[in-house]
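Comments concern the structure below.
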Amino acid sequence: KGGDGYDICVVTLSDAATKNSLDRTSLRELAGTVARESTRSSSSSSSSDVTKCIVLTGEGDAFSSGIDLKGAPEVFGMDEFDYESDPVYQMEKCEIPIICVVPGVAINAGFEIALAADVILVTRNARFIDTHMELGLLPSWGLSSKLSRAIGINNAKLVSAFRETLSGEEAVRLGLAQKKVFDGKQEAMEEAMKLARRMIEKSRSKERARVALEVIDKGFEKPYGDARMSERKNAFAQYRSLPLEDTFSRPRRRERGERENVVASAAEGEIRSKL
């Protein structure tokens, strides 16, 4: 935990000798950490004991070189529904924002874990690599479904079928990574913490942050026309349920936390019931 009282959880993939490769144990630890912090965000009754953002990075000059080949048979022998060992599943259902800082290589599983974040920040040393084709394997954590949506179908083919390495500069240019290319890991981590603090300050409640992410994710899953119709329908349903005079009154007379919970609960209820 860190972030000067902002309740930001910093998670580091740590095995510098193998460029932070992953085995069944580390996958389970990562999945468990994300699930635990997500649960803390939604179940804690104390505002001082609530995780509001996760920042995920790798030790040293790498993010993750992917699955450790020594442990690959056990990893690829995992049950499809073993969600406790599936960090991408836990990241995709996480109820708080996840910022991923990629300071070096992100290969295969490492690439897919980065893709599961809400925001990706990269350094000049960042390299995104997909070797599934060379190994004769199909990706299961998002490379064949998310990458084309992030950078375009033909650019995704260049990376996965033609084995082009995606640099940090190209990742930002194509929209896979956000903001800019950072000179080093420290600068990227500082920006990640800055973004996390700003999100926490502006959302003012974990419910608002969760709803803001969920409406975007749900809208992205639908064809544009359906997404636009749902957006309008849900928004007007929420407006009808809000105490509008109080919502826009200045100065705010009601207790801030109480009013925000009303807003967030109304929005969340409409999203879950109509999408």
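To be explicit about the labels: the chains of the structure tokens are called A, B, and onward in the order shown, and within each one the residues are counted from 1, while ligands get numbers from 1 in the order they are shown.
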
>> Neighbouring residues of A:Lys185 were defined as those with any atom within 9 Å, considering only C-alpha atoms; residues of the same chain fewer than 6 positions away were excluded. Please report them as a PyMOL selection string.
In response: chain A and resi 60-61+101-104+122-123

Using the selection just defined, write its residues with all heavy atoms as a PDB file, in the first residue's frame.
ATOM      1  N   GLY A  60      12.806  -4.348 -11.952  1.00  0.00           N
ATOM      2  CA  GLY A  60      13.920  -4.083 -12.849  1.00  0.00           C
ATOM      3  C   GLY A  60      13.498  -3.513 -14.178  1.00  0.00           C
ATOM      4  O   GLY A  60      12.575  -2.699 -14.264  1.00  0.00           O
ATOM      5  N   ASP A  61      14.158  -3.978 -15.252  1.00  0.00           N
ATOM      6  CA  ASP A  61      13.941  -3.393 -16.580  1.00  0.00           C
ATOM      7  C   ASP A  61      13.025  -4.247 -17.451  1.00  0.00           C
ATOM      8  O   ASP A  61      13.109  -4.208 -18.681  1.00  0.00           O
ATOM      9  CB  ASP A  61      15.289  -3.200 -17.284  1.00  0.00           C
ATOM     10  CG  ASP A  61      16.034  -4.514 -17.496  1.00  0.00           C
ATOM     11  OD1 ASP A  61      15.561  -5.555 -16.981  1.00  0.00           O
ATOM     12  OD2 ASP A  61      17.081  -4.505 -18.172  1.00  0.00           O
ATOM     13  N   VAL A 101       2.410  -0.294 -15.598  1.00  0.00           N
ATOM     14  CA  VAL A 101       3.637   0.367 -16.049  1.00  0.00           C
ATOM     15  C   VAL A 101       4.545  -0.700 -16.653  1.00  0.00           C
ATOM     16  O   VAL A 101       4.963  -1.635 -15.963  1.00  0.00           O
ATOM     17  CB  VAL A 101       4.347   1.087 -14.884  1.00  0.00           C
ATOM     18  CG1 VAL A 101       5.700   1.622 -15.347  1.00  0.00           C
ATOM     19  CG2 VAL A 101       3.472   2.221 -14.359  1.00  0.00           C
ATOM     20  N   VAL A 102       4.832  -0.570 -17.936  1.00  0.00           N
ATOM     21  CA  VAL A 102       5.657  -1.550 -18.658  1.00  0.00           C
ATOM     22  C   VAL A 102       7.036  -0.926 -18.922  1.00  0.00           C
ATOM     23  O   VAL A 102       7.183  -0.091 -19.809  1.00  0.00           O
ATOM     24  CB  VAL A 102       4.985  -1.959 -19.986  1.00  0.00           C
ATOM     25  CG1 VAL A 102       5.861  -2.961 -20.741  1.00  0.00           C
ATOM     26  CG2 VAL A 102       3.605  -2.556 -19.723  1.00  0.00           C
ATOM     27  N   PRO A 103       8.064  -1.342 -18.152  1.00  0.00           N
ATOM     28  CA  PRO A 103       9.386  -0.738 -18.292  1.00  0.00           C
ATOM     29  C   PRO A 103      10.316  -1.485 -19.242  1.00  0.00           C
ATOM     30  O   PRO A 103      11.461  -1.081 -19.443  1.00  0.00           O
ATOM     31  CB  PRO A 103       9.935  -0.821 -16.860  1.00  0.00           C
ATOM     32  CG  PRO A 103       9.342  -2.080 -16.324  1.00  0.00           C
ATOM     33  CD  PRO A 103       7.986  -2.230 -16.982  1.00  0.00           C
ATOM     34  N   GLY A 104       9.847  -2.606 -19.792  1.00  0.00           N
ATOM     35  CA  GLY A 104      10.699  -3.407 -20.674  1.00  0.00           C
ATOM     36  C   GLY A 104       9.856  -4.425 -21.402  1.00  0.00           C
ATOM     37  O   GLY A 104       8.726  -4.138 -21.817  1.00  0.00           O
ATOM     38  N   VAL A 122       4.250   3.281 -20.722  1.00  0.00           N
ATOM     39  CA  VAL A 122       5.448   2.580 -21.203  1.00  0.00           C
ATOM     40  C   VAL A 122       6.680   3.481 -21.129  1.00  0.00           C
ATOM     41  O   VAL A 122       6.576   4.710 -21.162  1.00  0.00           O
ATOM     42  CB  VAL A 122       5.274   2.101 -22.661  1.00  0.00           C
ATOM     43  CG1 VAL A 122       4.161   1.085 -22.774  1.00  0.00           C
ATOM     44  CG2 VAL A 122       5.022   3.282 -23.607  1.00  0.00           C
ATOM     45  N   THR A 123       7.833   2.833 -21.059  1.00  0.00           N
ATOM     46  CA  THR A 123       9.102   3.544 -21.143  1.00  0.00           C
ATOM     47  C   THR A 123       9.701   3.306 -22.531  1.00  0.00           C
ATOM     48  O   THR A 123       9.172   2.524 -23.331  1.00  0.00           O
ATOM     49  CB  THR A 123      10.097   3.044 -20.080  1.00  0.00           C
ATOM     50  OG1 THR A 123      10.514   1.717 -20.436  1.00  0.00           O
ATOM     51  CG2 THR A 123       9.463   3.044 -18.687  1.00  0.00           C
TER      52      THR A 123
END

Sorted by chain and rising residue number, list the residues of stretch 10-66 of chain A at most 12 Å from stretch 71-82 of chain A (counting only C-alpha atoms), each with its closest atom pair and distance in Å to one decimal, as JSON lines.
{"residue": "A:Ser21", "atom": "CA", "partner": "A:Gly71", "partner_atom": "CA", "distance": 9.8}
{"residue": "A:Leu22", "atom": "CA", "partner": "A:Gly71", "partner_atom": "CA", "distance": 8.1}
{"residue": "A:Asp23", "atom": "CA", "partner": "A:Gly71", "partner_atom": "CA", "distance": 5.4}
{"residue": "A:Arg24", "atom": "CA", "partner": "A:Val75", "partner_atom": "CA", "distance": 5.4}
{"residue": "A:Thr25", "atom": "CA", "partner": "A:Val75", "partner_atom": "CA", "distance": 9.2}
{"residue": "A:Ser26", "atom": "CA", "partner": "A:Val75", "partner_atom": "CA", "distance": 10.5}
{"residue": "A:Leu27", "atom": "CA", "partner": "A:Val75", "partner_atom": "CA", "distance": 8.7}
{"residue": "A:Arg28", "atom": "CA", "partner": "A:Asp82", "partner_atom": "CA", "distance": 9.6}
{"residue": "A:Ala31", "atom": "CA", "partner": "A:Asp82", "partner_atom": "CA", "distance": 10.6}
{"residue": "A:Gly32", "atom": "CA", "partner": "A:Asp82", "partner_atom": "CA", "distance": 11.9}
{"residue": "A:Gly66", "atom": "CA", "partner": "A:Ala72", "partner_atom": "CA", "distance": 9.8}

>> Between A:Leu69, A:Leu174, A:Cys9, A:Leu158, which residue has the minimum interatomic distance to A:Ile96, considering only C-alpha atoms?
In response: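 With only C-alpha atoms as the atom set, the closest residue is A:Cys9.
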
>> When you look at stretch 218-224 of chain A with a cut-off of 12 Å (counting only C-alpha atoms), what residues show up, excluding the ones that are within fewer than 2 positions of it in the same chain? I need them as a VMD selection string.
In response: chain A and resid 92 to 93 145 to 146 149 to 150 210 to 216 226 to 232 234 271 to 272 274 to 275

Pull N, CA and C atoms from the residues just selected and write them as a compact mmCIF listing (two decimals), in the first residue's frame.
# COMPACT_ATOMS: atom_id res chain seq x y z
N GLU A 92 -9.97 -8.41 -15.17
CA GLU A 92 -11.11 -8.00 -15.97
C GLU A 92 -12.36 -7.77 -15.12
N LYS A 93 -12.48 -8.47 -14.01
CA LYS A 93 -13.64 -8.28 -13.14
C LYS A 93 -13.33 -7.39 -11.93
N SER A 145 -8.19 -11.13 -29.18
CA SER A 145 -9.46 -10.40 -29.13
C SER A 145 -9.29 -8.93 -28.78
N LYS A 146 -8.34 -8.61 -27.92
CA LYS A 146 -8.18 -7.23 -27.47
C LYS A 146 -7.21 -6.42 -28.32
N ARG A 149 -8.56 -4.65 -31.35
CA ARG A 149 -9.44 -3.54 -30.97
C ARG A 149 -8.63 -2.34 -30.50
N ALA A 150 -7.46 -2.59 -29.95
CA ALA A 150 -6.63 -1.50 -29.43
C ALA A 150 -5.81 -0.82 -30.52
N ARG A 210 -15.88 2.92 -10.16
CA ARG A 210 -16.30 1.63 -10.70
C ARG A 210 -17.34 1.81 -11.80
N VAL A 211 -18.30 2.68 -11.59
CA VAL A 211 -19.34 2.92 -12.58
C VAL A 211 -18.75 3.53 -13.85
N ALA A 212 -17.80 4.47 -13.70
CA ALA A 212 -17.18 5.11 -14.86
C ALA A 212 -16.48 4.08 -15.74
N LEU A 213 -15.80 3.12 -15.12
CA LEU A 213 -15.14 2.07 -15.89
C LEU A 213 -16.15 1.12 -16.52
N GLU A 214 -17.17 0.77 -15.76
CA GLU A 214 -18.11 -0.24 -16.21
C GLU A 214 -18.93 0.22 -17.41
N VAL A 215 -19.35 1.49 -17.42
CA VAL A 215 -20.15 1.94 -18.56
C VAL A 215 -19.33 1.94 -19.84
N ILE A 216 -18.03 2.24 -19.72
CA ILE A 216 -17.17 2.21 -20.92
C ILE A 216 -16.97 0.77 -21.38
N ASP A 226 -26.23 -0.04 -30.60
CA ASP A 226 -26.79 -0.58 -29.36
C ASP A 226 -26.17 0.11 -28.14
N ALA A 227 -24.87 0.35 -28.22
CA ALA A 227 -24.18 1.00 -27.09
C ALA A 227 -24.70 2.42 -26.88
N ARG A 228 -24.92 3.13 -27.97
CA ARG A 228 -25.41 4.50 -27.87
C ARG A 228 -26.82 4.52 -27.30
N MET A 229 -27.67 3.57 -27.72
CA MET A 229 -29.04 3.51 -27.21
C MET A 229 -29.04 3.19 -25.71
N SER A 230 -28.19 2.25 -25.31
CA SER A 230 -28.11 1.88 -23.89
C SER A 230 -27.59 3.04 -23.06
N GLU A 231 -26.60 3.76 -23.60
CA GLU A 231 -26.04 4.90 -22.88
C GLU A 231 -27.13 5.92 -22.56
N ARG A 232 -27.89 6.27 -23.58
CA ARG A 232 -28.95 7.27 -23.39
C ARG A 232 -30.04 6.77 -22.43
N ASN A 234 -29.89 4.44 -20.07
CA ASN A 234 -29.40 4.32 -18.70
C ASN A 234 -29.20 5.68 -18.05
N ILE A 271 -27.11 0.34 -14.58
CA ILE A 271 -26.20 -0.40 -15.45
C ILE A 271 -26.45 -1.90 -15.34
N ARG A 272 -26.52 -2.37 -14.09
CA ARG A 272 -26.64 -3.81 -13.88
C ARG A 272 -28.00 -4.35 -14.33
N LYS A 274 -29.96 -3.01 -16.81
CA LYS A 274 -30.33 -2.77 -18.21
C LYS A 274 -29.30 -3.21 -19.21
N LEU A 275 -28.03 -3.42 -18.80
CA LEU A 275 -27.01 -3.81 -19.77
C LEU A 275 -26.80 -5.31 -19.77

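Candidate residues A:Ala114, A:Lys157, A:Thr12, A:Met193 were compared for distance to A:Cys100, and the nearest is A:Ala114, using only C-alpha atoms.
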
>> For the structure I just gave you, how does DSSP split stretch 79-223 of chain A - specifically, which residues are helix (DSSP H, G or I)? Reply as a PyMOL selection string.
In response: chain A and resi 83-85+87-92+109-115+132-135+147-151+153-160+168-174+185-203+206-221

>> For the strand (DSSP E or B) assignment from backbone DSSP, which residues of stretch 34-204 of chain A qualify? Please present them as a VMD selection string.
In response: chain A and resid 53 to 58 64 67 98 to 102 105 to 107 119 to 123 127 to 129 166 to 167 181 to 182

> Can you tell me how far atom CA of A:Phe63 sits from atom CA of A:Ala106, in Å to one decimal?
Replying inline: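 Straight-line distance from atom CA of A:Phe63 to atom CA of A:Ala106 works out to 5.4 Å.
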
> Do you know which residues are at most 8 Å from A:Ser14 counting only C-alpha atoms, after dropping those on the same chain fewer than 4 positions away, and could you put them as JSON, numbers by chain?
Replying inline: {"A": [20, 58, 59]}

Go ahead and save the residues from that selection, with all heavy atoms, as a tab-separated table (two decimals), in the first residue's frame.
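And here's again-v2.tsv as it stands now:
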chain	number	residue	atom	x	y	z
A	20	ASN	N	11.06	-11.61	-14.77
A	20	ASN	CA	9.72	-11.69	-14.17
A	20	ASN	C	8.81	-12.68	-14.89
A	20	ASN	O	7.64	-12.40	-15.16
A	20	ASN	CB	9.07	-10.31	-14.11
A	20	ASN	CG	9.98	-9.27	-13.47
A	20	ASN	OD1	10.66	-9.57	-12.49
A	20	ASN	ND2	10.01	-8.07	-14.04
A	58	GLY	N	6.69	-4.39	-13.21
A	58	GLY	CA	7.63	-5.49	-13.07
A	58	GLY	C	8.92	-5.01	-12.44
A	58	GLY	O	9.29	-3.85	-12.56
A	59	GLU	N	9.61	-5.93	-11.80
A	59	GLU	CA	10.88	-5.59	-11.16
A	59	GLU	C	11.95	-5.33	-12.22
A	59	GLU	O	11.99	-5.98	-13.27
A	59	GLU	CB	11.32	-6.74	-10.25
A	59	GLU	CG	12.62	-6.47	-9.50
A	59	GLU	CD	13.04	-7.63	-8.63
A	59	GLU	OE1	12.39	-8.70	-8.71
A	59	GLU	OE2	14.01	-7.48	-7.87
